[in-house]
Amino acid sequence: MRRFLRPGHDPVRERLKRDLFQFNKTVEHGFPHQPSALGYSPFLRLMAIGTRSGAIKLYGAPGVEFMGLHEENNTVMQIHFIPDQCQLVTLLDDNSLHLWSLKQHGGTSELCEEHRFTLKGPPGSPPSATQVTAVLPHSSREVLYLGTESGNIFVVELPSFRVLEDRTITPEAVLQRIPEDNCNRRSCELVEALREHPKNPDQILIGYSRGLIVLWDLQNNKATHHFLGSQQLENLYWQRDGNKFISCHYDGSYTQWPVSSDNRQSEPLENTVPYGPFPCKAISKIYWQTTKNGLPYIIFQGGMPRASYGDRHSISVIHGSQQTAFDFTSRVIDFFIIFSSDLAAEFDDPSALVVLAEEELVVIDLKSAGWPAVHPPYLASLHCSAITCSHHVSNIPLKLWERIISAGSKQNIHYSTMPWPIDGGTNIAPDPPQRDLLLTGHEDGTVRFWDASGVCLHLLYKLSTVRVFLTDADPNDNMNTLGEDEWPPLRKVGTFDPYSDDPRLGIQKIYLCKYSGYLAVAGTAGQVLVMELNDEDAEHVVDHAEADLLQDQEGYRWKGHEKLKTRDGPVRFEAGFQPFVLVQCQPPAVVTSLALHSEWKLVAFGTSHGFGLFDHQQKRLVFVKCTLHPSDQLALEGPLSRVKSLKKSLRQSFRRIRRSRVSSRKRRGGGGNASEVQEANAKFDQDTLQEMELAPVQRKIEARSAEDSFTGFVRTLYFADTFLRDSSRHCPSLWAGTNGGTVYAFCLRVPPAERRMDEPVRAEQAKEIQLMHRAPVVGILVLDGHSTPLPEPLEVAHDLSKSPDMQGSHQLLVVSEEQFKVFTLPKVSSKLKLKLTALEGCRVRKVTVANFGSCKTDDYSENDLAVLTNLGDIQIISLPFLKLQIRYPCIRKEDVSGIASCVFTKYGQGFYLISPSEFERFSLSTKWLVEPRCIVDMPEVTSNNHVHKSGTENAARIS
Amino acid sequence: EFRRFSLERSKPGKFEEFYGLLQHVHKIPNVDVLVGYTDIHGDLLPINNDDNYHKAVSTANPLLRIFIQRKEDADYSAFGTDTMTRKKNVLSNVLRPDNHKKKPHIVISMPQDFRPVSSIIDVDILPETHRRVRLYKYGTDKPLGFYIRDGSSVRVTPHGLEKVPGIFISRLVPGGLAQSTGLLAVNDEVLEVNGIEVSGKSLDQVTDMMIANSRNLIITVRPANQRNNVVRNSRTSGSSGQSTESSLPSSAPNILGSLLQGEEESDEEDIIIEDSGEPQQIPKAAPTSESIESLSQIELLHESTQNGFLPSSEMNLNHSAGSINMEYEVPEPGRKSLEEDGTIITL
């Protein structure tokens, strides 16, 4: 009777669904894509990163994270925290200013936008009059000084953003007190830097682009000092005592200037070109930090000799005789120094240098000898080599967890032991419910193990498969070792390295058994490695085996890449996962599916030609099965013919990107010509429309046939102990599903443990199912007599799962891209099905069984299928009745790489890439939710660490 | 003369063997004969190759009526042309033998592999401006052969004329199924695919839906050329006002949907090869009581069609000298693994 009950009409079920399912995007892991600005509040000990898409992200102590998004999606140019406040101001590339606040709400802090403001000049003035170039939040917390391209400095009140017109500092006012023979109106064009005097808040230092620097008295509204630099100015920095400041210049020089009360026009104390004498690149930012021992730290960005090192992205640190130029693999966006924020302290005593590069965050410990890097607990560069696949393992046993951490800690000895210096805010999220691992495979042949239990995605351990193979670049020669007398003293820092030695090393499939510590990884050139966790370094020979997947098929020629060459003799492996056997598929096509059964000690692998089973205990190939259709020329010849189409599609997508850039590019400060822009946009839209009309997109409607390309492509492999032959005896079995809608089932005979080494494992094909609709098989699953999915290997042995019910009849679930179908076992007859594509026009991209617990009662949980479709929707489908429970839009359907990268966890969460470097984490469950919960309290402003004088008479003085 | 004999349903063998068997049973070893059978619609269909012979055996419920004519006095019009009438006169879905009609028969050739390839359906519930076309895809010999594209069409709405996005047929492949039916043309707007409206769906979604349904594709189109529409007198009286596309009866998709539910099963059966190497269709694991019920239904219908037209056909055949009429029984074992229950619905 149950069959006739319609879903959605049962109020009990509806209520239960509300207790089970809920969709949330909870947190973004990894490194922000295209960062464009950096800010830091020594008061809150929080760091802010802005991106080109208009996002701002705040980070403090591990677990303390906030995110905000500007509506306009414009590039964030500058971020400034308001001194001693939970507020910050952002400047976007459309010249708008935004005020953000951290507000407490329901026990946690939230980041919200409070105000926005765009500076408007008098009617008719050019846009440059109000184009903001420098922002200074005054320590009074009441006003913001905005330097502009025109040389005017506007004063706006906070938080209202009201322009105080009478306090505007015009170039005319500045030039009044300066002898005319030294400078003219043009000297005051474009304000490059604004700096408040560290001791006297009534004085600000104004640096103009052409080199003129003026000390301005806010009380009396006049320039008290001026300094004439001969070079184009890049930036300014006050020394702690306020008696000197330092300026850095376009020609790679920096200059120290004294500020004395008697002399209104000063000569520079010292002018240095650190990497001279040949022409150098600009120093764009400089810090001068005092220390107790008298030797200052001079830290600056750039300044490299133009001809030989002009392409380097460097930050130099000079401390006495020590000098290092930290060399980054990507452009430096900005940096800051963490130093003593105690105003009463006599010295800066810098502790850490924090550098935001385009692709990673690097923190250097300035207190330890040798200035080692600090291992960041978050903002990991997931893409230090491009991610090629990911695999999630839930609920890792403590033992394995500790062993992986210990292996990882041996790799991290070169890191500083300094505690993470950016530690503002308090993480109040409960401890993660379980230990979860996210494994990412990379193009350079590495597998990275991430702690994905909580909000901070943290690298635990990195495994490299490169050592097994002979590659052009020998991993032993270190390219970074430089001689003692090398000049400039460059030192490579960071992990971002997008260049792969050999794309064939790329990892395509990963399978980790969390109970036994066996790991199988498979790659682009048909290599399958089986590894075991070893706590010690070891040197051993990796056994080899070849699996000829074409078997007796004659006359085929593989035109794709060759297999990787292996190293002869023993290879030294560091502690961690160490390969002991390599199975090489022939032809060496990319491995498309992988399954490992650690109890039976078998590994199954599939490519576009077929699949094979390998006994890794006896190190013997059990069988191979060719799935190739004789007419499938494309699969035979390798990826050559596909390269062309890939190139074409790449070209097209680039064209699309370029086009969208054109349309979205805004004219800087285009206040006066908005209509012009609009017109241009309209014209552009028209053009694209016309273009569309000329070449309409067509889609061919053709049934799939057995002769289609890549029908033999093995999409899924699955081990199950089930009733394959008859209903009285169950046996181990291997199931494989292909792109052409074929399912193969093999009956396996695994000798008992005591004779495991003596007798061979045998396999025999028992069944072959051809789905009539011929859609690719993306998932195979066997349900036991209670309609529960069979447990993982060794799960029962570790008492973590009930034994499957072997009494009742088992069922086989085959998920194709188009349909879900349940068959009876052992006689395969179709029982029920759910058509997806025929009814909704969407296809299954990813499918996993997930366990959903009720948020109301602890004792209820159920297994459902979590499905991601090609439209980016997530659907939850019940087992075993295949009823759609709920549907959530998750990923944009145009985001093909996002959809392709999605992985589900066993407990209803998931990850997908929102950029090459960031995973979005989402949750479908009401019970398992990992999201940041944190609070930022206003630190107490005490008398001895802050001395404030406000710019206005009636402002409260804190003393 | 009538003969009754049994054949094993699961192993019908080859047509040649069967032909020999017939000649043997009737003791006419050297006489050339035409073999025909009645399908469940009561149509007289030829058996002249392996394919239609297997089809004939598989449709036996459980009896298969076979008609044998001497070749020289064969009446070709008895065969095959039935589909033509169905195509031309859609309302005559009511089964009737075409040999009632007295018309000069032009023998083109014997249809080698007799099966429907396309049809216009649901004319009684659709507005005249729409056409619901069913394409039957067999094997891989002929491609469906058409392309679709995005476009926009003008709709009549309460606010006047409005431009809305739509899906259109953009190209027909020469020699493809779509072109050969003559029922679909370039620029026809696609409104539904197997009962599901395409409005709001992307081109890719509609493509996927069509491909997923390609073995039994039913598309509802608004032909670009509206001049070929059949003027249906029966409908002009009451419901001619319904002829604009916006007033498509909302119940129609539901009806179609329910129809399809049964219908589509017929062509969806997966094939399983057990280790013995014998391919077979996967039977439905539905409760047996149900299938028996439907089975008995077929038998009843079968009876009625027999009463309806077969006698006349027999008479017709009996006119020709030397014609032989016989029935034979296909043994039972395959009864529960009823393979094609879908055809019931078309009746």
# chains A, B, ... in the order shown; residues from 1 in each chain; ligands from 1
$ residues_around --residues "Gln232 of chain A" --least-positions-apart "5" --cutoff "9 Å" --atoms "only C-alpha atoms" --output "ChimeraX atom specification"
/A:208-212,248-251
$ interface_residues --of "chain A" --to "chain B" --cutoff "6 Å" --atoms "only C-alpha atoms" --output "JSON, numbers by chain"
{"A": [697, 698, 699, 700, 701, 702, 703, 766, 767, 768, 769, 770, 771, 772, 829, 830, 831, 837, 838, 841, 842]}
$ write_last_selection --atoms "N, CA, C and O atoms" --output "mmCIF file, in the first residue's frame"
data_model
loop_
_atom_site.group_PDB
_atom_site.id
_atom_site.type_symbol
_atom_site.label_atom_id
_atom_site.label_comp_id
_atom_site.auth_asym_id
_atom_site.auth_seq_id
_atom_site.Cartn_x
_atom_site.Cartn_y
_atom_site.Cartn_z
ATOM 1 N N VAL A 697 22.364 29.419 -31.236
ATOM 2 C CA VAL A 697 22.893 28.200 -30.655
ATOM 3 C C VAL A 697 21.929 27.070 -31.020
ATOM 4 O O VAL A 697 20.729 27.181 -30.836
ATOM 5 N N GLN A 698 22.479 26.015 -31.558
ATOM 6 C CA GLN A 698 21.639 24.882 -31.929
ATOM 7 C C GLN A 698 22.019 23.674 -31.093
ATOM 8 O O GLN A 698 23.163 23.534 -30.689
ATOM 9 N N ARG A 699 21.069 22.814 -30.846
ATOM 10 C CA ARG A 699 21.372 21.561 -30.161
ATOM 11 C C ARG A 699 20.808 20.413 -30.985
ATOM 12 O O ARG A 699 19.657 20.451 -31.380
ATOM 13 N N LYS A 700 21.630 19.436 -31.173
ATOM 14 C CA LYS A 700 21.193 18.286 -31.961
ATOM 15 C C LYS A 700 20.408 17.334 -31.069
ATOM 16 O O LYS A 700 20.807 17.083 -29.926
ATOM 17 N N ILE A 701 19.324 16.836 -31.569
ATOM 18 C CA ILE A 701 18.545 15.860 -30.825
ATOM 19 C C ILE A 701 18.821 14.496 -31.433
ATOM 20 O O ILE A 701 18.420 14.226 -32.558
ATOM 21 N N GLU A 702 19.538 13.694 -30.707
ATOM 22 C CA GLU A 702 19.844 12.377 -31.235
ATOM 23 C C GLU A 702 19.894 11.380 -30.096
ATOM 24 O O GLU A 702 20.445 11.686 -29.035
ATOM 25 N N ALA A 703 19.313 10.258 -30.326
ATOM 26 C CA ALA A 703 19.338 9.233 -29.288
ATOM 27 C C ALA A 703 20.765 8.747 -29.112
ATOM 28 O O ALA A 703 21.556 8.773 -30.041
ATOM 29 N N ALA A 766 29.483 -12.272 -13.788
ATOM 30 C CA ALA A 766 28.213 -12.880 -13.445
ATOM 31 C C ALA A 766 27.063 -12.209 -14.172
ATOM 32 O O ALA A 766 26.102 -12.867 -14.559
ATOM 33 N N LYS A 767 27.163 -10.917 -14.353
ATOM 34 C CA LYS A 767 26.039 -10.211 -14.967
ATOM 35 C C LYS A 767 26.532 -9.036 -15.775
ATOM 36 O O LYS A 767 27.586 -8.476 -15.517
ATOM 37 N N GLU A 768 25.696 -8.673 -16.730
ATOM 38 C CA GLU A 768 25.934 -7.458 -17.487
ATOM 39 C C GLU A 768 24.575 -6.836 -17.738
ATOM 40 O O GLU A 768 23.681 -7.490 -18.261
ATOM 41 N N ILE A 769 24.408 -5.629 -17.324
ATOM 42 C CA ILE A 769 23.117 -4.962 -17.500
ATOM 43 C C ILE A 769 23.320 -3.807 -18.462
ATOM 44 O O ILE A 769 24.206 -2.974 -18.267
ATOM 45 N N GLN A 770 22.525 -3.763 -19.493
ATOM 46 C CA GLN A 770 22.575 -2.619 -20.410
ATOM 47 C C GLN A 770 21.336 -1.773 -20.170
ATOM 48 O O GLN A 770 20.217 -2.207 -20.423
ATOM 49 N N LEU A 771 21.525 -0.577 -19.640
ATOM 50 C CA LEU A 771 20.390 0.309 -19.462
ATOM 51 C C LEU A 771 19.941 0.778 -20.834
ATOM 52 O O LEU A 771 20.765 1.184 -21.649
ATOM 53 N N MET A 772 18.671 0.696 -21.071
ATOM 54 C CA MET A 772 18.149 1.019 -22.388
ATOM 55 C C MET A 772 18.399 2.479 -22.733
ATOM 56 O O MET A 772 18.581 2.836 -23.883
ATOM 57 N N SER A 829 15.751 -7.745 -11.702
ATOM 58 C CA SER A 829 14.552 -7.270 -12.370
ATOM 59 C C SER A 829 14.227 -5.904 -11.801
ATOM 60 O O SER A 829 14.435 -5.636 -10.619
ATOM 61 N N SER A 830 13.770 -5.037 -12.668
ATOM 62 C CA SER A 830 13.619 -3.648 -12.242
ATOM 63 C C SER A 830 12.434 -3.528 -11.303
ATOM 64 O O SER A 830 11.382 -4.108 -11.520
ATOM 65 N N LYS A 831 12.643 -2.802 -10.237
ATOM 66 C CA LYS A 831 11.638 -2.716 -9.192
ATOM 67 C C LYS A 831 10.970 -1.347 -9.220
ATOM 68 O O LYS A 831 9.764 -1.239 -9.243
ATOM 69 N N THR A 837 15.916 13.209 -15.942
ATOM 70 C CA THR A 837 16.121 14.011 -17.142
ATOM 71 C C THR A 837 14.857 14.082 -17.989
ATOM 72 O O THR A 837 14.512 15.138 -18.500
ATOM 73 N N ALA A 838 14.157 12.970 -18.117
ATOM 74 C CA ALA A 838 12.983 12.953 -18.969
ATOM 75 C C ALA A 838 11.931 13.925 -18.458
ATOM 76 O O ALA A 838 11.141 14.460 -19.219
ATOM 77 N N GLY A 841 14.678 17.677 -17.279
ATOM 78 C CA GLY A 841 15.733 18.196 -18.145
ATOM 79 C C GLY A 841 17.041 18.444 -17.428
ATOM 80 O O GLY A 841 17.863 19.206 -17.895
ATOM 81 N N CYS A 842 17.224 17.847 -16.265
ATOM 82 C CA CYS A 842 18.517 18.007 -15.605
ATOM 83 C C CYS A 842 19.172 16.637 -15.461
ATOM 84 O O CYS A 842 18.510 15.608 -15.564
#
$ residues_around --residues "Met304 of chain A" --least-positions-apart "2" --cutoff "6 Å" --atoms "only C-alpha atoms" --output "MDAnalysis selection string"
chainID A and resid 275 280:281 302 306 309:310
$ residues_around --residues "Glu192 of chain A" --least-positions-apart "6" --cutoff "12 Å" --atoms "only C-alpha atoms" --output "ChimeraX atom specification"
/A:131-136,146-153,205-214,232-236,247-250,284-285
$ atom_distance --atom1 "atom CA of Thr51 of chain A" --atom2 "atom CA of Ser36 of chain A"
4.8 Å
$ atom_distance --atom1 "atom CA of Thr224 of chain A" --atom2 "atom CA of Ser266 of chain A"
11.4 Å
$ select_by_dssp --residues "segment 466-642 of chain A" --states "strand (DSSP E)" --output "JSON, numbers by chain"
{"A": [490, 491, 492, 507, 508, 509, 510, 511, 512, 518, 519, 520, 521, 522, 523, 527, 528, 529, 530, 531, 532, 533, 534, 538, 539, 540, 543, 544, 545, 546, 547, 548, 571, 572, 573, 576, 577, 578, 579, 580, 581, 582, 583, 584, 585, 586, 593, 594, 595, 596, 597, 602, 603, 604, 605, 606, 610, 611, 612, 613, 614, 615, 620, 621, 622, 623, 624, 625, 626]}
$ closest_residue --among "B:Gln179, B:Asn187, B:Asn30, B:Ser152" --to "Ser199 of chain B" --atoms "only C-alpha atoms"
B:Ser152
$ residues_around --residues "Asp895 of chain A" --least-positions-apart "3" --cutoff "10 Å" --atoms "only C-alpha atoms" --output "JSON, numbers by chain"
{"A": [870, 871, 872, 891, 892, 898, 899, 900, 913, 914, 915]}
$ write_last_selection --atoms "N, CA, C and O atoms" --output "tab-separated table (two decimals), in the first residue's frame"
chain	number	residue	atom	x	y	z
A	870	ASN	N	23.27	18.94	-13.10
A	870	ASN	CA	24.04	19.84	-13.97
A	870	ASN	C	23.50	21.25	-13.94
A	870	ASN	O	24.12	22.16	-14.46
A	871	LEU	N	22.33	21.45	-13.34
A	871	LEU	CA	21.82	22.82	-13.21
A	871	LEU	C	22.30	23.44	-11.91
A	871	LEU	O	21.91	24.56	-11.57
A	872	GLY	N	23.09	22.69	-11.14
A	872	GLY	CA	23.59	23.22	-9.88
A	872	GLY	C	22.61	23.08	-8.74
A	872	GLY	O	22.85	23.59	-7.65
A	891	ILE	N	24.53	25.94	-6.84
A	891	ILE	CA	25.62	26.49	-7.65
A	891	ILE	C	24.99	27.04	-8.93
A	891	ILE	O	24.03	26.46	-9.43
A	892	ARG	N	25.52	28.13	-9.42
A	892	ARG	CA	25.01	28.63	-10.71
A	892	ARG	C	25.27	27.59	-11.78
A	892	ARG	O	26.32	26.96	-11.79
A	898	GLY	N	32.64	24.65	-10.67
A	898	GLY	CA	32.06	24.52	-9.33
A	898	GLY	C	31.29	23.22	-9.21
A	898	GLY	O	31.45	22.47	-8.24
A	899	ILE	N	30.47	22.92	-10.22
A	899	ILE	CA	29.66	21.70	-10.18
A	899	ILE	C	30.57	20.47	-10.24
A	899	ILE	O	30.39	19.51	-9.51
A	900	ALA	N	31.60	20.56	-11.09
A	900	ALA	CA	32.48	19.40	-11.24
A	900	ALA	C	33.29	19.13	-9.97
A	900	ALA	O	33.67	18.00	-9.71
A	913	LEU	N	34.27	24.23	-5.31
A	913	LEU	CA	35.19	25.34	-5.55
A	913	LEU	C	34.42	26.54	-6.08
A	913	LEU	O	33.68	26.43	-7.06
A	914	ILE	N	34.58	27.69	-5.42
A	914	ILE	CA	33.98	28.91	-5.95
A	914	ILE	C	35.02	29.71	-6.74
A	914	ILE	O	34.69	30.65	-7.43
A	915	SER	N	36.26	29.34	-6.59
A	915	SER	CA	37.34	29.93	-7.39
A	915	SER	C	38.44	28.88	-7.34
A	915	SER	O	38.32	27.90	-6.61
$ closest_residue --among "A:Ser516, A:Gln586, A:Gln34, A:Ser41" --to "Leu356 of chain A" --atoms "only C-alpha atoms"
A:Gln34
$ residues_around --residues "Val455 of chain A" --least-positions-apart "4" --cutoff "12 Å" --atoms "only C-alpha atoms" --output "ChimeraX atom specification"
/A:26-30,59,61-66,377-379,427-432,436,450-451,919-922,929-934
$ write_last_selection --atoms "N, CA, C and O atoms" --output "short mmCIF file (atom, residue, chain, number, x, y, z; two decimals), in the first residue's frame"
data_model
loop_
_atom_site.label_atom_id
_atom_site.label_comp_id
_atom_site.auth_asym_id
_atom_site.auth_seq_id
_atom_site.Cartn_x
_atom_site.Cartn_y
_atom_site.Cartn_z
N THR A 26 27.75 27.74 4.53
CA THR A 26 28.19 28.10 5.87
C THR A 26 29.49 28.89 5.91
O THR A 26 29.57 29.88 6.61
N VAL A 27 30.49 28.47 5.16
CA VAL A 27 31.77 29.17 5.27
C VAL A 27 32.59 28.95 4.00
O VAL A 27 32.41 27.95 3.30
N GLU A 28 33.43 29.92 3.69
CA GLU A 28 34.34 29.77 2.55
C GLU A 28 35.72 29.42 3.08
O GLU A 28 36.26 30.12 3.93
N HIS A 29 36.27 28.33 2.59
CA HIS A 29 37.60 27.89 3.01
C HIS A 29 38.60 28.27 1.94
O HIS A 29 38.28 28.27 0.76
N GLY A 30 39.82 28.52 2.38
CA GLY A 30 40.88 28.75 1.41
C GLY A 30 41.23 30.20 1.29
O GLY A 30 40.98 31.00 2.20
N TYR A 59 39.59 38.39 9.44
CA TYR A 59 40.14 37.21 10.10
C TYR A 59 40.82 37.62 11.39
O TYR A 59 41.51 38.63 11.45
N ALA A 61 41.64 35.40 15.42
CA ALA A 61 42.09 34.11 15.94
C ALA A 61 41.46 33.02 15.08
O ALA A 61 40.41 33.23 14.48
N PRO A 62 42.08 31.83 15.01
CA PRO A 62 41.49 30.76 14.21
C PRO A 62 40.02 30.55 14.59
O PRO A 62 39.68 30.45 15.76
N GLY A 63 39.18 30.53 13.60
CA GLY A 63 37.75 30.36 13.84
C GLY A 63 37.00 31.68 13.83
O GLY A 63 35.78 31.68 13.72
N VAL A 64 37.73 32.78 13.97
CA VAL A 64 37.07 34.10 13.94
C VAL A 64 37.14 34.61 12.50
O VAL A 64 38.22 34.90 11.99
N GLU A 65 36.00 34.64 11.86
CA GLU A 65 35.93 35.03 10.45
C GLU A 65 34.64 35.80 10.21
O GLU A 65 33.60 35.43 10.75
N PHE A 66 34.73 36.82 9.41
CA PHE A 66 33.53 37.54 9.00
C PHE A 66 33.64 37.79 7.51
O PHE A 66 34.72 37.94 6.98
N PRO A 377 47.00 29.30 10.13
CA PRO A 377 45.96 28.33 10.47
C PRO A 377 44.77 28.40 9.53
O PRO A 377 43.89 27.56 9.58
N TYR A 378 44.72 29.43 8.70
CA TYR A 378 43.63 29.56 7.73
C TYR A 378 44.18 30.23 6.49
O TYR A 378 45.39 30.45 6.39
N LEU A 379 43.31 30.58 5.58
CA LEU A 379 43.71 31.22 4.32
C LEU A 379 44.75 30.39 3.56
O LEU A 379 45.65 30.91 2.90
N ASN A 427 36.51 32.73 19.34
CA ASN A 427 35.73 31.70 18.65
C ASN A 427 34.81 31.05 19.66
O ASN A 427 35.28 30.46 20.64
N ILE A 428 33.50 31.15 19.46
CA ILE A 428 32.58 30.55 20.43
C ILE A 428 31.82 29.38 19.82
O ILE A 428 30.87 28.87 20.39
N ALA A 429 32.27 28.94 18.65
CA ALA A 429 31.62 27.78 18.03
C ALA A 429 31.94 26.54 18.86
O ALA A 429 33.04 26.42 19.40
N PRO A 430 30.97 25.64 18.98
CA PRO A 430 31.26 24.40 19.70
C PRO A 430 32.33 23.61 18.97
O PRO A 430 32.54 23.80 17.76
N ASP A 431 33.01 22.73 19.68
CA ASP A 431 34.02 21.92 19.04
C ASP A 431 33.38 21.10 17.93
O ASP A 431 32.24 20.67 18.06
N PRO A 432 34.11 20.89 16.85
CA PRO A 432 33.52 20.11 15.76
C PRO A 432 33.11 18.72 16.26
O PRO A 432 33.78 18.14 17.12
N ASP A 436 37.08 15.26 10.46
CA ASP A 436 36.87 15.04 9.03
C ASP A 436 38.12 15.41 8.25
O ASP A 436 38.78 16.39 8.57
N TRP A 450 43.61 17.86 4.46
CA TRP A 450 43.14 19.05 5.18
C TRP A 450 42.26 18.64 6.34
O TRP A 450 41.42 17.76 6.21
N ASP A 451 42.44 19.32 7.45
CA ASP A 451 41.51 19.16 8.57
C ASP A 451 40.25 19.94 8.21
O ASP A 451 40.26 21.17 8.21
N PHE A 919 37.08 26.86 -1.40
CA PHE A 919 35.96 25.93 -1.29
C PHE A 919 34.82 26.62 -0.55
O PHE A 919 35.04 27.23 0.50
N GLU A 920 33.64 26.50 -1.09
CA GLU A 920 32.46 26.91 -0.33
C GLU A 920 31.98 25.66 0.39
O GLU A 920 31.89 24.58 -0.19
N ARG A 921 31.68 25.81 1.68
CA ARG A 921 31.16 24.68 2.42
C ARG A 921 29.66 24.88 2.55
O ARG A 921 29.20 25.98 2.83
N PHE A 922 28.89 23.83 2.33
CA PHE A 922 27.45 23.95 2.52
C PHE A 922 26.95 22.78 3.33
O PHE A 922 27.64 21.77 3.51
N LEU A 929 26.30 21.14 11.17
CA LEU A 929 26.44 22.46 10.60
C LEU A 929 27.76 23.01 11.10
O LEU A 929 27.95 23.16 12.30
N VAL A 930 28.69 23.27 10.19
CA VAL A 930 29.95 23.87 10.62
C VAL A 930 29.98 25.28 10.07
O VAL A 930 30.08 25.49 8.87
N GLU A 931 29.81 26.26 10.92
CA GLU A 931 29.83 27.64 10.48
C GLU A 931 30.52 28.49 11.54
O GLU A 931 30.55 28.13 12.71
N PRO A 932 31.09 29.62 11.10
CA PRO A 932 31.79 30.43 12.10
C PRO A 932 30.80 31.05 13.09
O PRO A 932 29.75 31.55 12.69
N ARG A 933 31.12 30.94 14.35
CA ARG A 933 30.37 31.64 15.40
C ARG A 933 31.45 32.30 16.25
O ARG A 933 32.24 31.63 16.89
N CYS A 934 31.48 33.60 16.21
CA CYS A 934 32.56 34.25 16.90
C CYS A 934 32.10 35.62 17.38
O CYS A 934 31.09 36.14 16.93
#
$ atom_distance --atom1 "atom CA of Thr869 of chain A" --atom2 "atom CA of Val782 of chain A"
21.9 Å
